[in-house]
Structure formats: C-alpha cells, structure tokens
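*Asks:* I have a structure here, written as structure tokens, and I will follow up with some questions on it.
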Amino acid sequence: MKSCWSVWFLPFTRQLAQLAEVIVELEKAGLNLHAHRHPDEARGAGILFMDAASSLSQIEETLADVRRTPGTSVLAVSLGRLPGPSTWALLRSGVADVFSWVDVENPVATVTDRLRYWQDLDTKVADLQRRLVGSSSRWRDTLRQVVDMAMSSCQVLITGESGTGKELVAREIHQLDTRPTKRDCVVVDCTNLIPGLSGSELFGHEKGAFTNAISTRDGAVALAHEGTLFLDELGELPLALQAELLRTLQEGTYKRVGSNTWRHAHFRLVSATNRDLLAEVQRGTFRQDLYYRVSGWTCQLPALRERREDIVPLAQYFFAQLRGPRQVVDKQVYDFLLLRDYPGNVRELQQLITRIASKHPGEGPITIGDIPQADWPDFACLGAPTPTSTDLEAGVTSLLNQGLGLKEIKDQVTEIAKQVAISHEQGNLKLAALRLRCSERILQMHQREEPAGQLRLN
Ligand SMILES: Nc1ncnc2c1ncn2[C@@H]1O[C@H](COP(=O)(O)OP(=O)(O)OP(=O)(O)O)[C@@H](O)[C@H]1O
C-alpha cells in the first residue's frame with residue numbers, strides 16, 4: 001500500500017532539475033512534499049536535500065534551528081556522491097540518517113521506510129512522555145533510544161544516577177516489547193539477595209533445601225519465563241550468583257536450590273545499575289563475561305542537572321498527581337524549584353513536591369508559603385550580596401580604582417550576573433532568564449553585544 005502523508009523538505013542544493021526529478025519520484029510513492037519556510041513547518045520527519053557542493057556550516061546552522069522543534073527527524077539525502085567525513089559531520093549535527101540517492105538500489109523505499117519508522121517512533125515517544133515526563137531534547141533522544149531498545153531482542157542495561165528513572169524505564173521497555181507470547185515482568189532488587197541462601201530468590205528452592213524451606217518455591221527466573229526479568233542494582237549481585245546467572249543466560253537452564261534437575265527458562269533480561277560496571281570489572285568484583293552478556297544495549301539516563309528544562313514539566317506532573325489537574329501553582333514556586341540543585345535527581349524533586357503539596361492547606365494556589373522551612377533556599381547565597389561579602393567588595397574596589405563611576409560599576413555587575421547565569425545553565429537562555437528573573441530577550445541582546453569573558457571584576 002502506498003504511504004500518503006505530508007513531508008517538509010529543505011533544499012540545500014543548486015541542482016534544481018535533479019531535485020525536481022527526485023521530488024516527482026517521491027510524490028509518486030505518495031509523499032506530499034512541501035518546502036520548509038517557517039520553523040512550524042518542521043514538525044515530524046522531513047528531508048534535507050543536498051549535494052557535495054552544499055555548505056556544511058549553513059546546513060548545521062539550519063539543523064540547529066530545526067531541532068529546536070520537538071519531535072523532528074531529518075533525513076539528509078545527497079543527490080550526488082557524499083564524501084565520508086561529511087556523513088559523520090551531518091550525523092553529529094543532528095540528522096537522523098544520511099545517504100546518497102545515487103548509491104542505494106531503491107532510494108524511494110529507502111526514504112519512505114525511514115520516514116514511516118520515525119513517524120511511528122515519534123508516536124510511541126509521545127505516548128511514553130505521558131509517564132516518563134520530560135520534553136527536553138536530551139530526554140526525547142533518550143526515549144527514542146528506549147523505544148528502539150524495546151523493539152529489539154537485546155538484553156538491556158540501563159545506567160544512570162540514583163533517582164533518574166531506571167526502574168520506570170525498565171517497566172516501559174517490558175510494556176513496549178512486542179513478543180506475542182509475552183508474560184510478566186518480574187523485578188528483583190539485587191541489594192536484597194542474601195548470598196547465604198544461594199540464590200533461592202533467583203532460582204527457587206526445593207522443600208527442605210535449607211532450614212526455612214518448608215515448601216518448594218519458584219524463583220524469579222521461573223516466574224519471568226516468556227516475560228522480562230528486571231534485575232535492579234545489578235552491581236550488587238554477589239559473585240557466586242553472577243556465575244549462575246551467566247549460565248542461565250547462556251544455556252537457558254537453571255537448577256532450583258536443593259535440586260539436581262535442570263529446568264528451562266526463556267526471558268528477556270533488563271538490568272539497571274548506578275555503578276560503573278566496567279570499573280567493577282577492572283576491580284574484579286563483577287564478571288567481565290557477564291557484563292558483556294547483560295549489556296547488549298546500554299542506555300545511560302541523564303541526570304536532572306543535564307535536562308533542567310524538564311524540572312517545571314516534572315513538577316507540574318507531580319503536583320497534578322497529588323492535587324489533581326486543576327491545582328494552581330504560583331510562578332514563584334517554580335522559580336524556587338528552578339534555583340535548586342537535585343543530586344537525588346527526579347526522586348528528590350518528587351519528594352520535595354510531595355512535601356510542598358502536603359503542607360498546602362487545600363484551597364487556593366500553592367504558594368512559596370507552602371515550602372517547608374527546611375527546604376528554604378540559602379539566602380546568603382541567593383539574595384543580594386551584603387556589604388560584608390569580601391569578594392564583591394574587592395571587585396568593586398578594583399573597579400573604583402580603575403576610575404569607574406556608580407553607573408558603570410552597576411552595568412559591569414549586571415553583565416557579570418548575566419554571564420554567570422548563562423554559564424550556570426550551560427547556555428540555556430530560557431533557564432538563565434528564569435534564574436535572573438528577567439526576559440530572555442535581555443540575555444539574547446547580551447550575547448550579541450558582549451563577547452564572553454570580556455568583563456572581569458578584578
Ligand atoms: N521522567 C519521569 N517522569 C515521571 N516520574 C519519574 C521520572 N523519572 C523518575 N520518576 C519518578 O522518580 C522516582 C525514582 O525513579 P526510579 O525508581 O525509576 O529511579 P531509579 O533510577 O531506578 O533509582 P535508584 O537507582 O535509586 O533505584 C520514582 O517515583 C519515579 O516514578
């Protein structure tokens with residue numbers, strides 16, 4: 001069946017006659033191609049047409065704009081041959097794939113299959129975002145990877161700091177898994193495994209196998225048969241059990257504790273850890289062969305500090321969960337949430353929101369008065385520096401000695417505040433503006449006018 005959907009394109013080529021021919025071929029396959037003129041048109045998947053003479057720097061600039069629109073995937077199609085290094089440069093600047101029209105056997109199918117796949121991927125990502133909240137490009141890229149992993153048959157290893165959502169992601173991978181006979185997802189926290197019980201939790205036991213074994217019991221491996229076994233905190237798995245797990249993964253067989261009978265179990269293994277397992281391998285506390293077995297596909301979840309744009313959407317989601325979707329929250333509360341650091345990641349944010357929501361008396365908007373005193377910001381760091389702030393005093397003295405007047409000193413300090421906020425937010429002007437409580441436009445002007453590093457207090 002022919003596909004039939006509207007696709008935007010960016011013409012970065014002067015070979016217009018050839019481009020017209022390619023467009024006709026794609027339209028015959030059901031694509032309705034329209035040139036991209038406005039950022040809004042770059043929604044969903046699109047094509048960037050280029051040739052060997054196209055300017056890479058111009059392409060990179062445009063791609064940076066396009067990628068600001070969430071959910072865009074760009075396929076770069078070269079009308080002629082492409083030099084190898086350009087291919088990598090294009091991938092690095094954010095195109096989802098790149099190929100040369102003259103080099104593939106069936107270019108029309110190559111284009112349509114990819115566009116269809118990305119469209120499907122985006123639908124799945126949008127659905128995931130309802131539970132794995134966040135719309136930053138970092139988080140969206142992570143979710144795309146989650147969907148790709150779930151669709152594969154690979155053993156998956158999810159890494160990331162505590163509280164980044166590893167368990168949540170593992171459960172979603174099981175949900176997305178399309179095995180027709182898929183059964184349950186069984187979760188085992190490896191920190192709770194007692195080596196003395198020789199793996200009864202994982203492999204089950206026979207009646208009388210040890211003192212408290214009053215009846216025969218299935219372990220997690222048996223319960224996960226035809227389903228998913230999720231091993232949380234895999235780095236904590238005792239060495240003795242690592243060997244047994246490895247054999248189960250290699251042979252698909254295991255023995256209950258106290259039994260001589262080999263049993264079969266087929267499951268998908270998803271593991272998670274906040275430890276650096278490769279370092280554990282070096283130290284000899286984690287088996288190298290098991291590491292390569294469990295890490296068919298590794299997915300690193302970003303810390304919340306690497307996706308600070310998601311703090312407000314996450315907070316809104318948690319407030320709505322706790323107080324219902326109609327609960328109004330004062331902007332000042334969000335400003336406060338944006339000023340904080342979250343070493344415990346999303347879990348820490350969630351716990352803070354729970355404390356704020358619990359303190360709220362019930363009527364009216366949630367305000368900064370609902371923030372428990374123990375969570376108040378450190379005013380010494382946040383507020384205007386006091387005259388006793390020696391660093392600032394020394395800086396101002398240096399400016400005075402250079403002959404600057406009050407207005408010039410004020411301007412200098414303002415510019416430094418802008419620089420510091422922009423650099424703290426890793427160049428994200430929106431977040432820096434929230435931090436400074438000024439408009440984003442003021443910071444855009446600052447960036448245009450002031451080369452970074454020009455201003456120094458001393
Ligand atoms: N993107 C997200 N959207 C909504 N809730 C989230 C998100 N990420 C994490 N959470 C919530 O944060 C809490 C911590 O998540 P989770 O237990 O999955 O983290 P973890 O990385 O497995 O932590 P740990 O390593 O400490 O076990 C959970 O309550 C989870 O529901």
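In the structure tokens, each chain is lettered A, B, ... as it comes, each chain's residues begin at 1, and ligands are numbered from 1 in order of appearance.
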Kindly provide the residues of chain A that approach ligand 1 to within 6 Å, each paired with its closest atom pair and their distance in Å to one decimal, based on only C-alpha atoms and all ligand atoms, listed by chain and increasing number, as a tab-separated table.
*Replies:*
residue	atom	partner	partner_atom_place_in_ligand_line	distance
A:Arg131	CA	ligand 1	3 (N)	5.5
A:Leu132	CA	ligand 1	1 (N)	3.7
A:Val133	CA	ligand 1	3 (N)	3.8
A:Gly134	CA	ligand 1	1 (N)	5.9
A:Ser162	CA	ligand 1	25 (O)	3.5
A:Gly163	CA	ligand 1	23 (O)	3.6
A:Thr164	CA	ligand 1	21 (O)	4.0
A:Gly165	CA	ligand 1	18 (O)	3.2
A:Lys166	CA	ligand 1	21 (O)	3.8
A:Glu167	CA	ligand 1	18 (O)	3.7
A:Leu168	CA	ligand 1	18 (O)	4.1
A:Asn274	CA	ligand 1	25 (O)	5.7
A:Val346	CA	ligand 1	12 (O)	4.8
A:Arg347	CA	ligand 1	12 (O)	4.0
*Asks:* Taking N, CA and C atoms for each residue, export the selection above as a compact mmCIF listing (two decimals), in the first residue's frame.
*Replies:*
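Contents of again_2.txt, as written:
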# COMPACT_ATOMS: atom_id res chain seq x y z
N ARG A 131 4.14 9.24 30.79
CA ARG A 131 4.55 8.60 32.06
C ARG A 131 6.01 8.89 32.39
N LEU A 132 6.83 8.95 31.34
CA LEU A 132 8.25 9.30 31.52
C LEU A 132 8.38 10.77 31.12
N VAL A 133 8.03 11.62 32.07
CA VAL A 133 7.80 13.03 31.74
C VAL A 133 9.10 13.77 31.40
N GLY A 134 9.00 14.65 30.42
CA GLY A 134 10.14 15.49 30.03
C GLY A 134 10.07 15.73 28.54
N SER A 162 21.24 7.56 40.84
CA SER A 162 20.04 7.17 41.59
C SER A 162 18.93 8.20 41.35
N GLY A 163 17.72 7.70 41.15
CA GLY A 163 16.56 8.58 41.01
C GLY A 163 16.34 9.14 39.62
N THR A 164 17.05 8.62 38.62
CA THR A 164 16.90 9.17 37.26
C THR A 164 15.76 8.48 36.50
N GLY A 165 15.19 7.42 37.06
CA GLY A 165 14.03 6.78 36.42
C GLY A 165 14.34 5.42 35.81
N LYS A 166 15.39 4.76 36.28
CA LYS A 166 15.81 3.49 35.65
C LYS A 166 14.72 2.42 35.76
N GLU A 167 14.12 2.31 36.95
CA GLU A 167 13.10 1.28 37.11
C GLU A 167 11.87 1.59 36.24
N LEU A 168 11.51 2.85 36.21
CA LEU A 168 10.37 3.27 35.38
C LEU A 168 10.61 2.91 33.92
N ASN A 274 23.49 1.93 39.17
CA ASN A 274 24.05 3.29 39.21
C ASN A 274 25.55 3.22 39.42
N VAL A 346 15.27 13.00 39.82
CA VAL A 346 13.81 13.16 39.77
C VAL A 346 13.17 12.74 41.10
N ARG A 347 13.74 11.72 41.75
CA ARG A 347 13.16 11.28 43.02
C ARG A 347 13.20 12.42 44.05
*Asks:* What lies within 10 Å of region 112-126 of chain A using only C-alpha atoms, ignoring chain neighbours under 6 positions off, as JSON, numbers by chain?
*Replies:* {"A": [2, 3, 4, 5, 7, 26, 29, 30, 31, 44, 45, 46, 47, 70, 71, 72, 73, 74, 75, 96, 97, 132, 133, 135, 140, 141, 142, 143, 144, 145, 146, 147, 148, 176]}
*Asks:* Filtering to N, CA and C atoms, could you give me those residues as an mmCIF file, in the first residue's frame?
*Replies:*
data_model
loop_
_atom_site.group_PDB
_atom_site.id
_atom_site.type_symbol
_atom_site.label_atom_id
_atom_site.label_comp_id
_atom_site.auth_asym_id
_atom_site.auth_seq_id
_atom_site.Cartn_x
_atom_site.Cartn_y
_atom_site.Cartn_z
ATOM 1 N N LYS A 2 0.437 2.265 -0.760
ATOM 2 C CA LYS A 2 1.240 3.492 -0.811
ATOM 3 C C LYS A 2 1.078 4.309 0.454
ATOM 4 N N SER A 3 2.197 4.905 0.903
ATOM 5 C CA SER A 3 2.087 5.818 2.039
ATOM 6 C C SER A 3 1.503 7.123 1.501
ATOM 7 N N CYS A 4 0.870 7.891 2.348
ATOM 8 C CA CYS A 4 0.326 9.151 1.866
ATOM 9 C C CYS A 4 0.360 10.167 3.000
ATOM 10 N N TRP A 5 1.417 10.934 3.026
ATOM 11 C CA TRP A 5 1.471 11.946 4.084
ATOM 12 C C TRP A 5 2.337 13.110 3.669
ATOM 13 N N VAL A 7 5.172 15.837 3.955
ATOM 14 C CA VAL A 7 6.549 15.845 4.470
ATOM 15 C C VAL A 7 7.233 17.149 4.046
ATOM 16 N N LEU A 26 9.289 10.732 -5.470
ATOM 17 C CA LEU A 26 8.787 10.543 -4.101
ATOM 18 C C LEU A 26 7.282 10.798 -4.044
ATOM 19 N N ALA A 29 5.254 7.981 -4.919
ATOM 20 C CA ALA A 29 5.150 6.976 -3.843
ATOM 21 C C ALA A 29 4.185 7.441 -2.747
ATOM 22 N N GLY A 30 3.542 8.598 -2.951
ATOM 23 C CA GLY A 30 2.505 9.034 -2.014
ATOM 24 C C GLY A 30 2.912 10.141 -1.061
ATOM 25 N N LEU A 31 4.158 10.626 -1.168
ATOM 26 C CA LEU A 31 4.580 11.709 -0.273
ATOM 27 C C LEU A 31 4.138 13.048 -0.847
ATOM 28 N N GLY A 44 7.598 16.809 12.814
ATOM 29 C CA GLY A 44 7.691 15.421 12.356
ATOM 30 C C GLY A 44 8.932 15.197 11.518
ATOM 31 N N ALA A 45 8.847 14.201 10.640
ATOM 32 C CA ALA A 45 10.028 13.842 9.847
ATOM 33 C C ALA A 45 10.093 14.656 8.556
ATOM 34 N N GLY A 46 11.299 14.997 8.119
ATOM 35 C CA GLY A 46 11.476 15.759 6.892
ATOM 36 C C GLY A 46 12.783 15.389 6.198
ATOM 37 N N ILE A 47 12.972 15.946 5.010
ATOM 38 C CA ILE A 47 14.151 15.585 4.213
ATOM 39 C C ILE A 47 14.986 16.828 3.926
ATOM 40 N N PRO A 70 10.414 20.202 18.975
ATOM 41 C CA PRO A 70 10.438 18.821 19.460
ATOM 42 C C PRO A 70 9.839 17.861 18.437
ATOM 43 N N GLY A 71 10.411 16.685 18.368
ATOM 44 C CA GLY A 71 9.835 15.641 17.524
ATOM 45 C C GLY A 71 10.146 15.777 16.050
ATOM 46 N N THR A 72 11.263 16.409 15.709
ATOM 47 C CA THR A 72 11.622 16.456 14.295
ATOM 48 C C THR A 72 12.746 15.456 14.023
ATOM 49 N N SER A 73 12.639 14.773 12.893
ATOM 50 C CA SER A 73 13.726 13.886 12.465
ATOM 51 C C SER A 73 14.073 14.299 11.046
ATOM 52 N N VAL A 74 15.360 14.429 10.789
ATOM 53 C CA VAL A 74 15.776 14.903 9.466
ATOM 54 C C VAL A 74 16.554 13.806 8.753
ATOM 55 N N LEU A 75 16.127 13.517 7.530
ATOM 56 C CA LEU A 75 16.856 12.576 6.687
ATOM 57 C C LEU A 75 17.628 13.401 5.665
ATOM 58 N N ALA A 96 19.061 12.385 11.404
ATOM 59 C CA ALA A 96 18.819 11.036 11.931
ATOM 60 C C ALA A 96 19.470 9.988 11.030
ATOM 61 N N ASP A 97 19.624 10.315 9.748
ATOM 62 C CA ASP A 97 20.298 9.386 8.839
ATOM 63 C C ASP A 97 20.716 10.159 7.593
ATOM 64 N N LEU A 132 6.831 8.955 31.340
ATOM 65 C CA LEU A 132 8.254 9.302 31.525
ATOM 66 C C LEU A 132 8.379 10.767 31.123
ATOM 67 N N VAL A 133 8.032 11.621 32.065
ATOM 68 C CA VAL A 133 7.800 13.029 31.741
ATOM 69 C C VAL A 133 9.097 13.769 31.398
ATOM 70 N N SER A 135 10.401 16.974 28.132
ATOM 71 C CA SER A 135 10.366 17.247 26.697
ATOM 72 C C SER A 135 11.664 17.881 26.215
ATOM 73 N N ARG A 140 14.110 13.493 25.081
ATOM 74 C CA ARG A 140 13.445 12.900 23.906
ATOM 75 C C ARG A 140 14.385 11.917 23.213
ATOM 76 N N ASP A 141 15.667 12.289 23.088
ATOM 77 C CA ASP A 141 16.630 11.364 22.470
ATOM 78 C C ASP A 141 16.714 10.076 23.278
ATOM 79 N N THR A 142 16.675 10.217 24.618
ATOM 80 C CA THR A 142 16.732 9.029 25.480
ATOM 81 C C THR A 142 15.508 8.146 25.229
ATOM 82 N N LEU A 143 14.338 8.784 25.127
ATOM 83 C CA LEU A 143 13.119 7.991 24.934
ATOM 84 C C LEU A 143 13.105 7.284 23.576
ATOM 85 N N ARG A 144 13.664 7.934 22.575
ATOM 86 C CA ARG A 144 13.760 7.281 21.258
ATOM 87 C C ARG A 144 14.601 6.018 21.371
ATOM 88 N N GLN A 145 15.689 6.163 22.143
ATOM 89 C CA GLN A 145 16.563 5.012 22.339
ATOM 90 C C GLN A 145 15.819 3.909 23.097
ATOM 91 N N VAL A 146 15.007 4.313 24.067
ATOM 92 C CA VAL A 146 14.233 3.340 24.853
ATOM 93 C C VAL A 146 13.302 2.557 23.920
ATOM 94 N N VAL A 147 12.643 3.268 23.010
ATOM 95 C CA VAL A 147 11.728 2.585 22.083
ATOM 96 C C VAL A 147 12.517 1.629 21.188
ATOM 97 N N ASP A 148 13.626 2.107 20.637
ATOM 98 C CA ASP A 148 14.450 1.256 19.767
ATOM 99 C C ASP A 148 14.900 -0.009 20.500
ATOM 100 N N LEU A 176 6.520 -2.080 26.078
ATOM 101 C CA LEU A 176 6.655 -1.863 24.627
ATOM 102 C C LEU A 176 7.037 -3.137 23.874
#
*Asks:* Residues near Cys154 (chain A), anyone? I mean within 8 Å using only C-alpha atoms, not counting same-chain ones fewer than 4 positions away, as a PyMOL selection string.
*Replies:* chain A and resi 149+268+296-297
*Asks:* Write to file, as a compact mmCIF listing (two decimals), in the first residue's frame, the residues of the selection just made, with C-alpha atoms.
*Replies:*
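Output file result01.txt is given in full below:
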# COMPACT_ATOMS: atom_id res chain seq x y z
CA MET A 149 15.81 -0.97 22.55
CA ARG A 268 14.38 -11.02 28.39
CA GLY A 296 23.66 -5.99 24.65
CA TRP A 297 22.34 -2.43 24.53
*Asks:* Which residue, A:Ile194, A:Ala209, A:Pro302, A:Ser295, has the smallest gap to Asn260 (chain A) when you use only C-alpha atoms?
*Replies:* A:Ala209
*Asks:* Excluding same-chain residues fewer than 2 positions from Ile366 (chain A), what lies within 12 Å of it counting only C-alpha atoms, as a list in words?
*Replies:*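 Counting only C-alpha atoms, the residues come to Gln316, Phe319, Ala320, Arg323, Arg326, Gln327, Val328, Val329, Asp330, Lys331, Gln332, Val333, Tyr334, Ile353, Thr354, Arg355, Ile356, Ala357, Ser358, Lys359, His360, Pro361, Gly362, Glu363, Gly364, Ile368, Gly369, Asp370 and Ile371 of chain A.
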*Asks:* Any chance you could export the current selection's C-alpha atoms as a compact mmCIF listing (two decimals), in the first residue's frame?
*Replies:*
# COMPACT_ATOMS: atom_id res chain seq x y z
CA GLN A 316 3.58 20.09 37.16
CA PHE A 319 1.56 18.42 41.57
CA ALA A 320 -1.24 17.17 39.29
CA ARG A 323 -3.58 17.52 43.98
CA ARG A 326 -6.82 21.84 38.38
CA GLN A 327 -4.42 22.76 41.18
CA VAL A 328 -2.91 26.17 40.51
CA VAL A 329 0.75 26.68 41.48
CA ASP A 330 2.30 30.14 41.86
CA LYS A 331 5.08 31.01 39.42
CA GLN A 332 7.34 31.83 42.39
CA VAL A 333 7.20 28.18 43.44
CA TYR A 334 8.50 27.13 40.01
CA ILE A 353 6.85 18.39 45.62
CA THR A 354 5.21 15.88 47.96
CA ARG A 355 6.37 17.92 50.98
CA ILE A 356 5.09 21.18 49.43
CA ALA A 357 1.76 19.66 48.41
CA SER A 358 1.28 18.12 51.88
CA LYS A 359 1.84 21.47 53.58
CA HIS A 360 -0.70 23.20 51.32
CA PRO A 361 -3.89 23.71 53.35
CA GLY A 362 -6.21 22.74 50.47
CA GLU A 363 -7.76 25.89 48.99
CA GLY A 364 -6.25 28.37 46.54
CA ILE A 368 6.04 29.76 48.37
CA GLY A 369 4.50 29.82 51.86
CA ASP A 370 3.83 26.09 51.35
CA ILE A 371 7.54 25.35 51.02
*Asks:* Pick out the closest residue to Leu278 (chain A) from this set: A:Gln419, A:Thr159, A:Asn428, A:Gln444. Count only C-alpha atoms.
*Replies:*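 Result for the nearest residue to Leu278 (chain A): A:Thr159.
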*Asks:* I need the residues of region 8-230 of chain A that end up classed as strand (DSSP E) by DSSP on the backbone, written out as a ChimeraX atom specification.
*Replies:* /A:8-12,31-35,45-50,73-78,97-100,156-159,185-189,228-230
*Asks:* Could the residues of region 280-359 of chain A that have an atom at most 9 Å from region 233-245 of chain A be listed as CSV, each with its closest atom pair and the distance in Å to one decimal, counting only C-alpha atoms and ordered by chain and ascending residue number?
*Replies:*
residue,atom,partner,partner_atom,distance
A:Glu280,CA,A:Gly235,CA,7.9
A:Thr285,CA,A:Leu239,CA,7.0
A:Phe286,CA,A:Leu239,CA,6.9
A:Arg287,CA,A:Gln242,CA,7.1
A:Leu290,CA,A:Gln242,CA,7.0
*Asks:* Would you mind listing what lies within 9 Å of Val312 (chain A) as a ChimeraX atom specification, with only C-alpha atoms counted and same-chain residues fewer than 3 positions away left out?
*Replies:* /A:308-309,315-317,334-335,337-338
*Asks:* Could those selected residues go to a file with N, CA and C atoms, as a PDB file, in the first residue's frame?
*Replies:*
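Output file part11.pdb follows:
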ATOM      1  N   ARG A 308      17.629  20.377  32.780  1.00  0.00           N
ATOM      2  CA  ARG A 308      16.933  21.244  33.737  1.00  0.00           C
ATOM      3  C   ARG A 308      15.637  21.806  33.166  1.00  0.00           C
ATOM      4  N   GLU A 309      15.501  21.857  31.827  1.00  0.00           N
ATOM      5  CA  GLU A 309      14.241  22.326  31.233  1.00  0.00           C
ATOM      6  C   GLU A 309      13.075  21.457  31.667  1.00  0.00           C
ATOM      7  N   ALA A 315       7.584  18.898  37.728  1.00  0.00           N
ATOM      8  CA  ALA A 315       6.908  19.411  38.929  1.00  0.00           C
ATOM      9  C   ALA A 315       5.406  19.497  38.673  1.00  0.00           C
ATOM     10  N   GLN A 316       5.020  19.987  37.476  1.00  0.00           N
ATOM     11  CA  GLN A 316       3.583  20.090  37.159  1.00  0.00           C
ATOM     12  C   GLN A 316       2.926  18.710  37.210  1.00  0.00           C
ATOM     13  N   TYR A 317       3.652  17.731  36.672  1.00  0.00           N
ATOM     14  CA  TYR A 317       3.128  16.360  36.642  1.00  0.00           C
ATOM     15  C   TYR A 317       2.924  15.842  38.075  1.00  0.00           C
ATOM     16  N   TYR A 334       7.684  27.702  41.096  1.00  0.00           N
ATOM     17  CA  TYR A 334       8.501  27.133  40.014  1.00  0.00           C
ATOM     18  C   TYR A 334       9.873  27.810  39.961  1.00  0.00           C
ATOM     19  N   ASP A 335       9.896  29.137  40.197  1.00  0.00           N
ATOM     20  CA  ASP A 335      11.189  29.841  40.215  1.00  0.00           C
ATOM     21  C   ASP A 335      12.093  29.231  41.283  1.00  0.00           C
ATOM     22  N   LEU A 337      11.907  26.183  42.484  1.00  0.00           N
ATOM     23  CA  LEU A 337      12.322  24.825  42.087  1.00  0.00           C
ATOM     24  C   LEU A 337      13.467  24.873  41.074  1.00  0.00           C
ATOM     25  N   LEU A 338      13.449  25.911  40.239  1.00  0.00           N
ATOM     26  CA  LEU A 338      14.498  26.027  39.219  1.00  0.00           C
ATOM     27  C   LEU A 338      15.841  26.464  39.798  1.00  0.00           C
TER      28      LEU A 338
END
*Asks:* Mind the document's chain letters and residue numbers, and return as number ranges by chain the residues of region 88-186 of chain A that DSSP labels alpha helix (DSSP H).
*Replies:* A: 88-92, 107-128, 137-151, 166-176
